[in-house]
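K.L.:
Mind having a look at this structure? Questions to follow.
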Amino acid sequence: MKIIFTTDLHGTSWKYQRILELAQKLKVDAVVNGGDLLPVDSDLTVQKDFILNFLDDYFHQYESSNIYHLSVMGNTDFKCFDPLFNEITSNYDYTENLSARKVKIDEYEFIGTDLMPDYPFRLKDRCRLDNPHDEFPEQCGKGLLSSLQGWEDIEDWFNDAKKLPTLKEELDNLPHPENMKKAVYVMHMPPAFTGLDVCQGNVTVGSKSIYHFFRNKQPLLSLHGHIHESPKMSRIWNSNIKNTTCIQPGQDNEDLVYVMGNLEEMEFQRFIEMKT
C-alpha cells in the first residue's frame, strides 16, 4: 500500500491541491492528514466556510480518483464543527475521519485520535491530562471552548480537566485492531522520548502516554504532527519505539512538507516543496 502523509496544513489550499495532484499522479492508495486541517482564525465562520466551500469538493475529487483520504482533527480545529465535518465525510466512501475510529483498507487497519495533553494555549477543545499525576503547564490565559454560538469561557479549567478521562484512558479505549502488526495509528500529538516533539528552545513536549501505549502495543506504524519545527530542531523526522516506526514530518509556513511511503516495504521518504 502506497501512502502520502502530511499534516498541519491549516487550510492552505495550494498545499491541499498539491497533495491531491501527487496522489493522482503517483497512484497512491491513501493520503493521510495528521490534523490541524482548517484555517487558524478567531472568527469561527472561517473554518465552517472552509469545510463547506473547499473540503467538500476536495473530498469529491478523492472519490472520483478512488483514493482514500484519512484524517484526524488537530488542536486548532474547532470541535464545534466536528458534526459538520463528519456530515461531509460521510457523503464519500473514500473519505474517513479516523478520530476514535478504526478503518480497514486491505490488510491494514488505521486508527486515530484527535486528543492531546494539556498545553499553555487557551483553546481546550481536545485537551486532556496526559496521566492522572501530570502537572498543568503555565497557562497563557483563561481556557476556552468553541461553540456554534461563539467562544465559551471555562471558569475552572484545572478542576474541569481532572473530571475528564486522561489521555492514557482515552488511548486504552480506542478500537483495537485485529492484527497489531498491520495497525497504523494517526495521532496529532507525537510521543515523548523520540525526538519528534522538539519545540523552539529545544523544549520537548511529547506525550508520555502515547509513548508507553506504543511501547506496550507495538503497532506497525504511527503518524504524527503538531510540532511544526521539530524536524528542524532535532533533525529527526522518523524514529522507533522498539519495533514501531514513528513519523512526524513537521510543516513549514511557506513550503509544503510531506512523506511518501510503502507499507509493505516500510520505506519512507520526506519531501519539501516550494509553492510554484
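Ordering of the C-alpha cells sets the chain letters (A, B, ...); residue numbers start at 1 within each chain; ligands are numbered from 1 in the order shown.
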So that I can see what lies close to segment 12-24 of chain A, please list as a ChimeraX atom specification the residues with an atom at most 10 Å from it, counting only C-alpha atoms and leaving out residues fewer than 5 positions away in the same chain.

P.N.:
/A:2-6,29-31,33,37-39,50,54-55,58-59,61-62,65-69,253-258,260,273-276

K.L.:
Tell me, as a ChimeraX atom specification, which residues lie within 9 Å of Pro137 of chain A, counting only C-alpha atoms; anything in the same chain fewer than 5 positions away does not count.

P.N.:
/A:118-120

K.L.:
Could you write those residues out with all heavy atoms, as a tab-separated table (two decimals), in the first residue's frame?

P.N.:
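Okay, this is what ended up in part25.tsv:
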chain	number	residue	atom	x	y	z
A	118	ASP	N	-2.70	18.50	27.81
A	118	ASP	CA	-2.91	19.93	28.02
A	118	ASP	C	-1.64	20.70	27.66
A	118	ASP	O	-0.52	20.22	27.84
A	118	ASP	CB	-3.29	20.20	29.47
A	118	ASP	CG	-3.67	21.65	29.69
A	118	ASP	OD1	-4.34	22.22	28.80
A	118	ASP	OD2	-3.30	22.20	30.73
A	119	TYR	N	-1.86	21.91	27.15
A	119	TYR	CA	-0.77	22.79	26.74
A	119	TYR	C	-1.05	24.20	27.26
A	119	TYR	O	-2.09	24.44	27.87
A	119	TYR	CB	-0.60	22.76	25.23
A	119	TYR	CG	-1.88	22.98	24.42
A	119	TYR	CD1	-2.87	23.86	24.83
A	119	TYR	CD2	-2.09	22.30	23.23
A	119	TYR	CE1	-4.01	24.08	24.09
A	119	TYR	CE2	-3.23	22.50	22.47
A	119	TYR	CZ	-4.19	23.40	22.90
A	119	TYR	OH	-5.31	23.61	22.16
A	120	PRO	N	-0.17	25.17	27.01
A	120	PRO	CA	-0.40	26.51	27.57
A	120	PRO	C	-1.51	27.30	26.86
A	120	PRO	O	-2.01	28.27	27.42
A	120	PRO	CB	0.95	27.21	27.37
A	120	PRO	CG	1.94	26.13	27.10
A	120	PRO	CD	1.17	25.04	26.43

K.L.:
Let me make sure I understand: among A:Met187, A:Glu229, A:Lys182, A:Pro249, which one has the smallest atom-to-atom distance to Lys217 of chain A if we use only C-alpha atoms?

P.N.:
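Ranking A:Met187, A:Glu229, A:Lys182, A:Pro249 by distance to Lys217 of chain A, first place goes to A:Lys182.
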
K.L.:
Which residues come within 6 Å of Asn262 of chain A, counting only C-alpha atoms, excluding same-chain residues fewer than 4 positions away, as a VMD selection string?

P.N.:
chain A and resid 1 to 2 266 to 267

K.L.:
Write out the residues from the selection above, keeping N, CA, C and O atoms, as a PDB file, in the first residue's frame.

P.N.:
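Heads up, here's the output in result.pdb:
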ATOM      1  N   MET A   1       0.843  -1.196   0.000  1.00  0.00           N
ATOM      2  CA  MET A   1       0.000   0.000   0.000  1.00  0.00           C
ATOM      3  C   MET A   1       0.876   1.242   0.000  1.00  0.00           C
ATOM      4  O   MET A   1       1.726   1.414   0.864  1.00  0.00           O
ATOM      5  N   LYS A   2       0.665   2.131  -0.948  1.00  0.00           N
ATOM      6  CA  LYS A   2       1.401   3.387  -1.052  1.00  0.00           C
ATOM      7  C   LYS A   2       0.586   4.508  -0.412  1.00  0.00           C
ATOM      8  O   LYS A   2      -0.615   4.655  -0.687  1.00  0.00           O
ATOM      9  N   MET A 266       7.828  -0.766   4.154  1.00  0.00           N
ATOM     10  CA  MET A 266       8.133   0.141   5.265  1.00  0.00           C
ATOM     11  C   MET A 266       9.330   1.035   4.941  1.00  0.00           C
ATOM     12  O   MET A 266      10.246   1.222   5.733  1.00  0.00           O
ATOM     13  N   GLU A 267       9.284   1.594   3.744  1.00  0.00           N
ATOM     14  CA  GLU A 267      10.283   2.555   3.312  1.00  0.00           C
ATOM     15  C   GLU A 267       9.600   3.903   3.125  1.00  0.00           C
ATOM     16  O   GLU A 267       8.561   3.994   2.462  1.00  0.00           O
TER      17      GLU A 267
END

K.L.:
Please identify which residues in segment 65-201 of chain A DSSP calls alpha helix (DSSP H) from the backbone, and express them as a short mmCIF file (atom, residue, chain, number, x, y, z; two decimals) with C-alpha atoms, in the first residue's frame.

P.N.:
data_model
loop_
_atom_site.label_atom_id
_atom_site.label_comp_id
_atom_site.auth_asym_id
_atom_site.auth_seq_id
_atom_site.Cartn_x
_atom_site.Cartn_y
_atom_site.Cartn_z
CA SER A 65 -9.96 9.11 -8.16
CA ASP A 82 -16.87 18.19 14.08
CA PRO A 83 -20.52 17.27 13.33
CA LEU A 84 -20.37 19.27 10.10
CA PHE A 85 -17.03 17.70 9.15
CA ASN A 86 -18.44 14.23 9.86
CA GLU A 87 -21.53 15.01 7.82
CA ILE A 88 -19.36 15.99 4.84
CA THR A 89 -17.03 12.99 5.12
CA TRP A 157 -10.05 24.54 33.60
CA PHE A 158 -7.78 22.89 36.16
CA ASN A 159 -10.74 21.41 38.01
CA ASP A 160 -12.73 20.55 34.87
CA ALA A 161 -9.78 18.79 33.23
CA LYS A 162 -9.42 16.48 36.21
CA LYS A 163 -13.00 15.29 35.65
CA LEU A 167 -5.23 10.74 27.51
CA LYS A 168 -3.96 7.38 28.75
CA GLU A 169 -7.54 6.28 29.42
CA GLU A 170 -8.69 7.60 26.04
CA LEU A 171 -5.93 5.65 24.28
CA ASP A 172 -6.87 2.46 26.10
#

K.L.:
Select, from A:Asp77, A:Asp93, A:Ser146, A:Trp151, the residue with the minimum atom-to-atom distance to Leu115 of chain A, counting only C-alpha atoms.

P.N.:
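Among A:Asp77, A:Asp93, A:Ser146, A:Trp151, it is A:Asp77 that comes nearest to Leu115 of chain A.
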
K.L.:
Where does DSSP see strand (DSSP E or B) in segment 23-145 of chain A, if you list the residues as a PyMOL selection string?

P.N.:
chain A and resi 30-33+68-71+95-97+99+102-105+108-113+116-117+123+127-128+144-145

K.L.:
Would you list the contacts of Ile236 of chain A as a ChimeraX atom specification, taking every protein, DNA or RNA residue within 12 Å and counting only C-alpha atoms, but skipping same-chain residues closer than 2 positions in sequence?

P.N.:
/A:193-198,229-234,238-240,246-250,270

K.L.:
Quick one: residues within 12 Å of Lys242 of chain A, only C-alpha atoms counted, chain neighbours fewer than 4 positions away excluded, as a VMD selection string?

P.N.:
chain A and resid 193 to 194 211 to 221 246

K.L.:
Let me make sure I understand: among A:His60, A:Arg101, A:Gln47, A:Glu107, which one has the smallest atom-to-atom distance to Phe81 of chain A if we use only C-alpha atoms?

P.N.:
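The shortest atom-to-atom distance to Phe81 of chain A comes from A:Gln47.
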
K.L.:
Pick from A:Arg122, A:Val46, A:Gly11, A:Pro117: nearest to Phe136 of chain A, with only C-alpha atoms counted?

P.N.:
A:Pro117

K.L.:
Using only C-alpha atoms for the distances, tell me which of A:Asp114, A:Asp252, A:Asp153, A:Glu138 is nearest to Gly34 of chain A.

P.N.:
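Using only C-alpha atoms, Gly34 of chain A sits closest to A:Asp114.
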
K.L.:
May I ask which of the residues A:Asn131, A:Asn53, A:Ser42, A:Gln149 is the closest one to Pro165 of chain A, counting only C-alpha atoms?

P.N.:
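That would be A:Asn131, the residue with the smallest distance to Pro165 of chain A.
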
K.L.:
May I ask for the distance between atom CA of Ala100 of chain A and atom CA of Thr113 of chain A, given in Å to one decimal place?

P.N.:
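Going from atom CA of Ala100 of chain A over to atom CA of Thr113 of chain A covers 5.2 Å.
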